[in-house]
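Since the structure comes first, as structure tokens, the remarks are kept for the end.
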Amino acid sequence: SRRHKLYREELNLTSPAALLPLRPEASWLQFHLGITRDGLYPRSSPTVNRLLRDMQELTTVSADYSQDEKALLGACDCSQIVKPSGVHLKLVLRFQDFGKAMFKPMRQKREEETPEDFFYFVDFQRHNAEIAAFHLDRILDFRRVPPTVGRLINVTKEILEVTKNEILQSVFFVSPASNVCFFAKCPYMCKTEYAVCGSPHLLEGSLSAFLPSLNLAPRLSIPNPWIRSYSFDGKEEWEVNPLYCNTVREIYPYSNGNRLLNIVDMAIFDFLIGNMDRHHYEMFTKFGDDGFLLHLDNARGFGRHSHDETSILAPLSQCCIIKRTTLLRLQLLAEPEYRLSDVMRESLLQDPLAPVLTEPHLLALDRRLRLILKAVRKCIDTYGEAKVVANDTTPPEAPAPDRVKPTT
């Protein structure tokens, strides 16, 4: 803390500008007001594009650790298989219009594949995976991933100089290559492999828009019925019992409604990005048991383009159900004129860090899509289309009443 104070005095650094009043038209607020039981934002939402632009361009006014990292209070047991803090190095950045976003720094270069000997629970978190997951989720018309954009962050000016957290200040250092670096709260000797560095100050990262606070929009965090074992040699029941879905169907809320269909949607999404780390899912309590599932924390996706982890599709292959709207979208994206890799490539070009994914990762999407459709065809051949494809099409909603105007 003393070194940081001297550093600021030496550079004659000034405090950031005062926060501006809340603007009702702010993209952050409009994004929150646009959340419905159908998704986080409407299909054609100008608000999302404004929000992406604001996260990319607005000046940060403060930086801090996320709440889950604060809860650890710096505790770190280096003997644990899953290290709780260092691997999740992420920060909350705030902006002048009361907006805030989760910043995940670059941990792995785009052309690097996750080593095949890595367990999924010790894999790096990739900033470009968060960006690509948002674009894929929007292409699939799920709209369950918060808007996410890439940005080059000046770690000195936009983190170190604006943070009031003394612990965060203390973990900054200058590397032998004269790059500004920082690391997680766990003891440095335990965590040297987790430091991230600018070049010398600029660092790539993803910014994901925050959802409304839990006080305003409570959410439930629910264990995934197809959760994986987080040990070197353990197995969960679904991994050894092909009839596991019969057990799940007997448990509320999977026994009726859309919850199980939403789990299948999530499994399809995770299979396409290669994410094996979906141990929990979240949903807004306001929309009840049939509300959509939030597809959060996708940074462990897009690690290996050369491997298709078909076990991720267990909810689909074991339950043999899928929404008609999901199936129609997948079939459309398998057509040559709407090929998923082409649509993704074009969509990702809009991000300032483009190219976000390497070509092998894009082509892997087409290959995995064919595997999904093959699994659906196998189910239909076995049980018939009427039992496999659930008709979830609904008539257009009536116009919503005028929203209450926010007041200062």
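Identifiers in this document derive from the order of the structure tokens: chains are assigned A, B, ..., residues are numbered from 1 separately in each chain, and ligands are numbered from 1 in order of occurrence.
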Lys378 (chain A) environment, 9 Å, only C-alpha atoms, sequence neighbours closer than 4 positions dropped, as a ChimeraX atom specification:
/A:317,320,373-374,382-383
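Distance annotation: of A:Ala334, A:Ala63, A:Leu211, A:Ala217, the residue with the minimal separation from Arg144 (chain A) is A:Leu211; atom set is only C-alpha atoms.
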Just to confirm, what's the straight-line distance from CA of Ser199 (chain A) to CA of Val155 (chain A) in Å (one decimal)?
9.6 Å
Can you tell me which residues surround Ala132 (chain A) at a distance of at most 8 Å, considering only C-alpha atoms, apart from same-chain residues fewer than 6 positions away, and format the answer as a VMD selection string?
chain A and resid 348 356 to 357
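Of the listed residues (A:Ile139, A:Leu316, A:Ile35, A:Leu216), A:Ile139 comes nearest to Asp342 (chain A); the distances count only C-alpha atoms.
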Each residue of region 298-405 of chain A lying at most 8 Å from region 276-289 of chain A should get a row with its shortest atom-to-atom pair and the distance in Å to one decimal, counting only C-alpha atoms; could you produce that, ordered by chain and increasing number, as a Markdown table?
| residue | atom | partner | partner_atom | distance |
| --- | --- | --- | --- | --- |
| A:Arg300 | CA | A:Asp277 | CA | 7.1 |
| A:Gly301 | CA | A:Met276 | CA | 7.8 |
| A:Ile312 | CA | A:Met276 | CA | 6.5 |
Using DSSP on the backbone coordinates, identify all residues within region 273-378 of chain A classified as strand (DSSP E); present the result as a PyMOL selection string.
chain A and resi 280-284+322-323
I'd like to know which of A:Leu294, A:Leu29, A:Leu327, A:Glu113 is closest to Pro360 (chain A), using only C-alpha atoms.
A:Glu113
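Using only C-alpha atoms, the smallest distance between any of A:Lys100, A:Leu330, A:Asn262, A:Asn179 and Ser213 (chain A) comes from A:Lys100.
In this model, the gap between CA of His201 (chain A) and CA of Thr156 (chain A) comes to 6.1 Å.
Closest approach to Asp308 (chain A) among A:Lys323, A:Glu158, A:Leu293, A:Leu272: A:Leu272, based on only C-alpha atoms.
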For Pro42 (chain A), list every protein, DNA or RNA residue within 12 Å, evaluated using only C-alpha atoms, and leave out those in the same chain fewer than 5 positions away; present the list as a PyMOL selection string.
chain A and resi 30-37+47-49+138+141-144
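The closest residue to Ser311 (chain A), picked from A:Glu359, A:Ala299, A:Cys379, A:Trp226 and counting only C-alpha atoms, is A:Trp226.
From CA of Thr393 (chain A) back to CA of Asn246 (chain A), the distance works out to 25.4 Å.
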I'd like the contact shell of Val389 (chain A) - 12 Å cut-off, only C-alpha atoms, skipping same-chain residues fewer than 2 positions apart - returned as a PyMOL selection string.
chain A and resi 261+264+316+319-328+376-377+379-381+383-387+391-393
Might you pull out every residue within 10 Å of Ala354 (chain A), with only C-alpha atoms counted and same-chain residues fewer than 5 positions away left off, and present them as a ChimeraX atom specification?
/A:128,150,345,347-349
Please dump the current selection as a PDB file, in the first residue's frame; keep N, CA and C atoms.
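And here's selection01.pdb as it stands now:
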ATOM      1  N   ASN A 128     -11.538 -15.425 -24.954  1.00  0.00           N
ATOM      2  CA  ASN A 128     -12.176 -15.502 -26.265  1.00  0.00           C
ATOM      3  C   ASN A 128     -13.326 -16.506 -26.276  1.00  0.00           C
ATOM      4  N   GLY A 150     -15.023  -8.138 -26.500  1.00  0.00           N
ATOM      5  CA  GLY A 150     -13.592  -8.089 -26.226  1.00  0.00           C
ATOM      6  C   GLY A 150     -13.095  -6.662 -26.120  1.00  0.00           C
ATOM      7  N   ARG A 345     -18.375 -17.065 -38.048  1.00  0.00           N
ATOM      8  CA  ARG A 345     -17.233 -16.288 -38.530  1.00  0.00           C
ATOM      9  C   ARG A 345     -17.650 -14.843 -38.801  1.00  0.00           C
ATOM     10  N   SER A 347     -20.316 -13.260 -37.608  1.00  0.00           N
ATOM     11  CA  SER A 347     -20.737 -12.597 -36.381  1.00  0.00           C
ATOM     12  C   SER A 347     -19.540 -12.145 -35.558  1.00  0.00           C
ATOM     13  N   LEU A 348     -18.522 -12.987 -35.440  1.00  0.00           N
ATOM     14  CA  LEU A 348     -17.354 -12.676 -34.610  1.00  0.00           C
ATOM     15  C   LEU A 348     -16.504 -11.558 -35.197  1.00  0.00           C
ATOM     16  N   LEU A 349     -16.649 -11.295 -36.488  1.00  0.00           N
ATOM     17  CA  LEU A 349     -15.910 -10.189 -37.097  1.00  0.00           C
ATOM     18  C   LEU A 349     -16.334  -8.838 -36.520  1.00  0.00           C
TER      19      LEU A 349
END
